[in-house]
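Q: Structure incoming, see below.
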Amino acid sequence: MEFNTQEVQKDIDRILVEEQDNYNAESLKTIFNLIDLTTLKSTDNSAVINKMCSKVNQLNENYPEMPQVAAICVYPSMVEGVRSALEIKDVNIASVAAGFPASQTFVSIKAAESELAVEKGADEIDIVISLGKFLEGDYDYVAKEIKIIKDAIKDAHLKVILESGLLPTLNDVYKASVIAINSGADFIKTSTGKEDPAATIEAIYVMCKAIKEHYEKTGVKIGLKPAGGISTSKEVFKYYAVVKSILGESWLNNKYFRIGASRLANDLLKEVYKFDNKEITKSYF
């Protein structure tokens, strides 16, 4: 499969025109339920984690019209704190691991860190491909490393971050997607949010095409996760529209579609309530 940037953009424009009338409260509520509420700062500590968990625990009491977020995503050292403070059973705990965000350490350490995060309570592990090896063309190494980490975490879900903004072409995004999928990824994810550019709609378009191709060949659904820099309802709706158009309604749930965000949740809350002619003046998260 080959991708031409101009043709990809033209098709994205078509999709967005076709889906523009579906920008409504119900779509935004669905999107809210896809969020991996994320904090990945060097200043994270137990107080930060407890505050985030408290907000999630009290969300339905404060905003009964809203669904829950999908997961809370943190560094490995924060997983145990989330497990202790989180009271909502259907919100997963995700942990970045394996030398996140640069992925520049030994594979044995990557596997051990990922395994330990699961032991501490993580349901999902987000890792970054060995980007340097990929850019050198050592695709076998990239694949082997993903397989080792997947074996280490067993039944926990593995999200593989492509860092798509640093890949030279859309064809490289496709190639990285295929390698990750074939090596055991349960999800493929755009970016860490630590590099610029982060998530792009063009990368998600290509990733959707790789997932669709895999599904048509095997019958196996792979999830996907745009992450990094997505902060407004109107922006995230574009990603939702592309996923809906290419992969269909059966992907529009948090089993197969996640959005990595820290600021987005507040904007979605405000936008949903605007549709009901209500106003939220203070940020919740």
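Each chain in the structure tokens gets a letter, A, B, ..., in the order shown, and its residues are numbered from 1; ligands are numbered from 1 in order too.
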Using DSSP secondary structure from the backbone, list all helix (DSSP H, G or I) positions within region 73-280 of chain A, as a VMD selection string.
A: chain A and resid 76 to 85 107 to 119 131 to 136 139 to 153 164 to 166 170 to 182 201 to 218 233 to 247 249 to 251 264 to 275
Q: Export C-alpha atoms of the chosen residues as a CSV table (one decimal), in the first residue's frame?
A:
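To be explicit, this is the file written out as part_35.csv:
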chain,number,residue,atom,x,y,z
A,76,PRO,CA,5.2,3.3,36.0
A,77,SER,CA,6.0,4.6,39.5
A,78,MET,CA,2.5,6.2,39.8
A,79,VAL,CA,0.6,3.0,38.8
A,80,GLU,CA,0.3,1.7,42.4
A,81,GLY,CA,-1.1,5.0,43.6
A,82,VAL,CA,-3.7,5.0,40.9
A,83,ARG,CA,-4.7,1.4,41.7
A,84,SER,CA,-5.1,2.5,45.4
A,85,ALA,CA,-7.1,5.7,44.7
A,107,VAL,CA,15.5,-4.4,25.7
A,108,SER,CA,15.8,-6.4,28.9
A,109,ILE,CA,15.1,-3.2,30.9
A,110,LYS,CA,12.2,-2.3,28.7
A,111,ALA,CA,10.7,-5.7,29.2
A,112,ALA,CA,11.3,-5.7,33.0
A,113,GLU,CA,9.9,-2.2,33.4
A,114,SER,CA,6.8,-3.1,31.4
A,115,GLU,CA,6.3,-6.4,33.4
A,116,LEU,CA,6.7,-4.6,36.7
A,117,ALA,CA,4.1,-1.9,35.8
A,118,VAL,CA,1.7,-4.7,35.1
A,119,GLU,CA,2.5,-6.4,38.5
A,131,LEU,CA,12.8,4.8,16.3
A,132,GLY,CA,16.5,4.9,15.7
A,133,LYS,CA,16.5,1.3,14.6
A,134,PHE,CA,13.5,1.9,12.4
A,135,LEU,CA,15.1,4.9,10.7
A,136,GLU,CA,18.2,2.7,10.0
A,139,TYR,CA,12.8,-3.6,11.0
A,140,ASP,CA,13.6,-7.0,12.3
A,141,TYR,CA,15.0,-5.5,15.5
A,142,VAL,CA,12.0,-3.3,15.9
A,143,ALA,CA,9.6,-6.2,15.5
A,144,LYS,CA,11.6,-8.5,17.8
A,145,GLU,CA,11.7,-5.9,20.6
A,146,ILE,CA,7.9,-5.4,20.5
A,147,LYS,CA,7.4,-9.2,20.7
A,148,ILE,CA,9.7,-9.5,23.7
A,149,ILE,CA,7.8,-6.8,25.6
A,150,LYS,CA,4.4,-8.3,24.6
A,151,ASP,CA,5.5,-11.7,25.9
A,152,ALA,CA,6.6,-10.0,29.2
A,153,ILE,CA,3.3,-8.4,29.9
A,164,SER,CA,4.6,9.3,13.7
A,165,GLY,CA,5.6,13.0,13.5
A,166,LEU,CA,9.3,12.0,13.3
A,170,LEU,CA,3.3,8.6,5.3
A,171,ASN,CA,4.6,5.3,3.8
A,172,ASP,CA,6.9,5.0,6.8
A,173,VAL,CA,3.9,5.5,9.1
A,174,TYR,CA,2.2,2.6,7.2
A,175,LYS,CA,5.3,0.4,7.5
A,176,ALA,CA,5.7,1.1,11.2
A,177,SER,CA,2.0,0.3,11.7
A,178,VAL,CA,2.3,-3.0,9.9
A,179,ILE,CA,5.4,-4.0,11.9
A,180,ALA,CA,3.7,-3.1,15.2
A,181,ILE,CA,0.5,-4.9,14.4
A,182,ASN,CA,2.3,-8.1,13.2
A,201,ILE,CA,-4.9,13.6,11.1
A,202,GLU,CA,-2.8,12.3,8.1
A,203,ALA,CA,-1.0,9.8,10.3
A,204,ILE,CA,-4.3,8.5,11.7
A,205,TYR,CA,-5.7,8.1,8.2
A,206,VAL,CA,-2.8,5.9,7.2
A,207,MET,CA,-2.9,3.9,10.5
A,208,CYS,CA,-6.6,3.3,9.9
A,209,LYS,CA,-5.8,1.9,6.5
A,210,ALA,CA,-3.2,-0.5,7.9
A,211,ILE,CA,-5.7,-1.6,10.6
A,212,LYS,CA,-8.4,-2.1,8.0
A,213,GLU,CA,-6.1,-4.1,5.8
A,214,HIS,CA,-5.1,-6.4,8.7
A,215,TYR,CA,-8.8,-6.9,9.7
A,216,GLU,CA,-9.8,-7.8,6.1
A,217,LYS,CA,-7.0,-10.4,6.0
A,218,THR,CA,-7.3,-11.9,9.5
A,233,SER,CA,-13.5,19.3,20.7
A,234,LYS,CA,-13.5,20.5,17.1
A,235,GLU,CA,-10.0,19.1,16.5
A,236,VAL,CA,-10.7,15.7,18.1
A,237,PHE,CA,-13.9,15.3,16.1
A,238,LYS,CA,-11.8,15.2,12.9
A,239,TYR,CA,-10.0,12.1,14.2
A,240,TYR,CA,-13.3,10.6,15.2
A,241,ALA,CA,-14.7,11.3,11.7
A,242,VAL,CA,-11.8,9.6,9.9
A,243,VAL,CA,-11.9,6.5,12.1
A,244,LYS,CA,-15.7,6.3,11.6
A,245,SER,CA,-15.4,6.7,7.8
A,246,ILE,CA,-12.5,4.2,7.3
A,247,LEU,CA,-13.1,1.6,10.0
A,249,GLU,CA,-19.1,2.2,13.8
A,250,SER,CA,-17.7,-0.9,15.5
A,251,TRP,CA,-14.4,0.9,16.2
A,264,LEU,CA,-9.3,17.8,26.0
A,265,ALA,CA,-11.6,16.5,28.7
A,266,ASN,CA,-12.4,20.0,30.0
A,267,ASP,CA,-13.2,21.3,26.5
A,268,LEU,CA,-15.5,18.4,25.7
A,269,LEU,CA,-17.4,18.9,29.0
A,270,LYS,CA,-17.9,22.6,28.1
A,271,GLU,CA,-18.9,21.8,24.5
A,272,VAL,CA,-21.4,19.1,25.4
A,273,TYR,CA,-23.1,21.4,27.9
A,274,LYS,CA,-23.3,24.2,25.3
A,275,PHE,CA,-25.5,22.0,23.2
Q: Counting only C-alpha atoms, which residue out of A:Glu87, A:Asp126, A:Asp44, A:Ile31 sits closest to Gln58 (chain A)?
A: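 Of A:Glu87, A:Asp126, A:Asp44, A:Ile31, the one nearest Gln58 (chain A) is A:Glu87, counting only C-alpha atoms.
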Q: What does the distance between CA of Asp36 (chain A) and CA of Asp276 (chain A) come to in Å, to one decimal place?
A: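 Going from CA of Asp36 (chain A) over to CA of Asp276 (chain A), I get 25.2 Å.
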Q: Tell me which of A:Ile15, A:Ile188, A:Leu28, A:Ala261 sits closest to Val74 (chain A), counting only C-alpha atoms.
A: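 Between A:Ile15, A:Ile188, A:Leu28, A:Ala261, the residue approaching Val74 (chain A) most closely is A:Ala261.
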Q: Can you measure CA of Lys51 (chain A) to CA of Ala71 (chain A) for me? One decimal in Å is fine.
A: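 For CA of Lys51 (chain A) relative to CA of Ala71 (chain A), the distance reads 14.9 Å.
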Q: Considering only C-alpha atoms, can you say which of A:Ile35, A:Val160, A:Pro226, A:Pro101 comes closest to Arg263 (chain A)?
A: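 The shortest atom-to-atom distance to Arg263 (chain A) comes from A:Ile35.
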Q: Which one of A:Leu59, A:Leu158, A:Leu40, A:Leu167 sits closest to Lys194 (chain A) if you count only C-alpha atoms?
A: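 Among the listed residues, the smallest separation from Lys194 (chain A) belongs to A:Leu40.
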Q: Using only C-alpha atoms, which residue out of A:Asn277, A:Asn24, A:Asn50, A:Ser262 lies closest to Gly229 (chain A)?
A: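 Using only C-alpha atoms, the shortest distance to Gly229 (chain A) belongs to A:Ser262.
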Q: Extract, using only C-alpha atoms, all DNA, RNA and protein residues at most 8 Å from Thr192 (chain A), discarding same-chain residues fewer than 3 positions from it, and format them as an NGL selection string.
A: :A and (101 or 128 or 161 or 163 or 195 or 198 or 227-228)
Q: Deliver the residues from the most recent selection as a file, using N, CA and C atoms, as a PDB file, in the first residue's frame.
A:
ATOM      1  N   PRO A 101      10.136   8.473  27.084  1.00  0.00           N
ATOM      2  CA  PRO A 101       9.612   8.536  25.724  1.00  0.00           C
ATOM      3  C   PRO A 101      10.623   8.232  24.619  1.00  0.00           C
ATOM      4  N   VAL A 128       7.166   2.887  23.115  1.00  0.00           N
ATOM      5  CA  VAL A 128       7.596   3.560  21.883  1.00  0.00           C
ATOM      6  C   VAL A 128       8.480   2.609  21.084  1.00  0.00           C
ATOM      7  N   ILE A 161       3.602   2.958  20.315  1.00  0.00           N
ATOM      8  CA  ILE A 161       3.681   4.339  19.836  1.00  0.00           C
ATOM      9  C   ILE A 161       4.675   4.417  18.671  1.00  0.00           C
ATOM     10  N   GLU A 163       5.552   7.298  17.138  1.00  0.00           N
ATOM     11  CA  GLU A 163       6.127   8.650  17.060  1.00  0.00           C
ATOM     12  C   GLU A 163       6.071   9.108  15.600  1.00  0.00           C
ATOM     13  N   GLU A 195       7.208  15.108  21.380  1.00  0.00           N
ATOM     14  CA  GLU A 195       7.877  15.554  20.166  1.00  0.00           C
ATOM     15  C   GLU A 195       6.919  16.391  19.327  1.00  0.00           C
ATOM     16  N   ALA A 198       3.167  16.145  16.912  1.00  0.00           N
ATOM     17  CA  ALA A 198       2.675  14.966  17.641  1.00  0.00           C
ATOM     18  C   ALA A 198       1.635  14.275  16.768  1.00  0.00           C
ATOM     19  N   ALA A 227      -2.626  10.696  19.959  1.00  0.00           N
ATOM     20  CA  ALA A 227      -2.223  11.312  21.228  1.00  0.00           C
ATOM     21  C   ALA A 227      -1.198  12.399  20.957  1.00  0.00           C
ATOM     22  N   GLY A 228      -1.274  13.442  21.745  1.00  0.00           N
ATOM     23  CA  GLY A 228      -0.292  14.524  21.651  1.00  0.00           C
ATOM     24  C   GLY A 228      -0.853  15.754  20.982  1.00  0.00           C
TER      25      GLY A 228
END
Q: Just how far from CA of Phe285 (chain A) is CA of Asn60 (chain A), in Å to one decimal?
A: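 Separation of CA of Asn60 (chain A) and CA of Phe285 (chain A): 13.2 Å.
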Q: Which is closer to Ile49 (chain A) than all the others in A:Tyr75, A:Tyr256, A:Tyr23, A:Phe106, using only C-alpha atoms?
A: A:Tyr75
Q: Using only C-alpha atoms, which residues sit within 7 Å of Leu34 (chain A) once same-chain residues fewer than 4 positions away are excluded, as a list in words?
A: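 With the cut-off at 7 Å, the set is Thr30, Val69, Ala70, Asn253, Asn254, Phe257, Arg258 and Ile259 of chain A.
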Q: Hey, what does DSSP flag as strand (DSSP E or B) within region 157-229 of chain A? Can you give it to me as a PDB file with N, CA and C atoms, in the first residue's frame?
A:
ATOM      1  N   HIS A 157      -2.858  -5.250  27.767  1.00  0.00           N
ATOM      2  CA  HIS A 157      -2.911  -4.691  26.422  1.00  0.00           C
ATOM      3  C   HIS A 157      -1.658  -3.867  26.133  1.00  0.00           C
ATOM      4  N   LEU A 158      -1.148  -4.036  24.924  1.00  0.00           N
ATOM      5  CA  LEU A 158       0.060  -3.323  24.513  1.00  0.00           C
ATOM      6  C   LEU A 158      -0.289  -2.274  23.464  1.00  0.00           C
ATOM      7  N   LYS A 159       0.002  -1.006  23.789  1.00  0.00           N
ATOM      8  CA  LYS A 159      -0.135   0.081  22.825  1.00  0.00           C
ATOM      9  C   LYS A 159       1.268   0.455  22.340  1.00  0.00           C
ATOM     10  N   VAL A 160       1.470   0.420  21.036  1.00  0.00           N
ATOM     11  CA  VAL A 160       2.784   0.696  20.461  1.00  0.00           C
ATOM     12  C   VAL A 160       2.765   2.074  19.802  1.00  0.00           C
ATOM     13  N   ILE A 161       3.602   2.958  20.315  1.00  0.00           N
ATOM     14  CA  ILE A 161       3.681   4.339  19.836  1.00  0.00           C
ATOM     15  C   ILE A 161       4.675   4.417  18.671  1.00  0.00           C
ATOM     16  N   PHE A 187      -2.924  -2.123  20.207  1.00  0.00           N
ATOM     17  CA  PHE A 187      -3.222  -0.776  19.724  1.00  0.00           C
ATOM     18  C   PHE A 187      -1.984  -0.237  19.019  1.00  0.00           C
ATOM     19  N   ILE A 188      -2.192   0.624  18.039  1.00  0.00           N
ATOM     20  CA  ILE A 188      -1.097   1.456  17.545  1.00  0.00           C
ATOM     21  C   ILE A 188      -1.445   2.915  17.855  1.00  0.00           C
ATOM     22  N   LYS A 189      -0.432   3.672  18.216  1.00  0.00           N
ATOM     23  CA  LYS A 189      -0.629   5.018  18.758  1.00  0.00           C
ATOM     24  C   LYS A 189       0.301   5.985  18.029  1.00  0.00           C
ATOM     25  N   GLY A 223      -6.720  -1.814  17.813  1.00  0.00           N
ATOM     26  CA  GLY A 223      -7.134  -0.481  18.224  1.00  0.00           C
ATOM     27  C   GLY A 223      -6.161   0.583  17.774  1.00  0.00           C
ATOM     28  N   LEU A 224      -6.593   1.839  17.888  1.00  0.00           N
ATOM     29  CA  LEU A 224      -5.670   2.933  17.579  1.00  0.00           C
ATOM     30  C   LEU A 224      -5.912   4.103  18.523  1.00  0.00           C
ATOM     31  N   LYS A 225      -4.849   4.897  18.671  1.00  0.00           N
ATOM     32  CA  LYS A 225      -4.884   5.980  19.653  1.00  0.00           C
ATOM     33  C   LYS A 225      -4.115   7.193  19.140  1.00  0.00           C
ATOM     34  N   ALA A 227      -2.626  10.696  19.959  1.00  0.00           N
ATOM     35  CA  ALA A 227      -2.223  11.312  21.228  1.00  0.00           C
ATOM     36  C   ALA A 227      -1.198  12.399  20.957  1.00  0.00           C
TER      37      ALA A 227
END
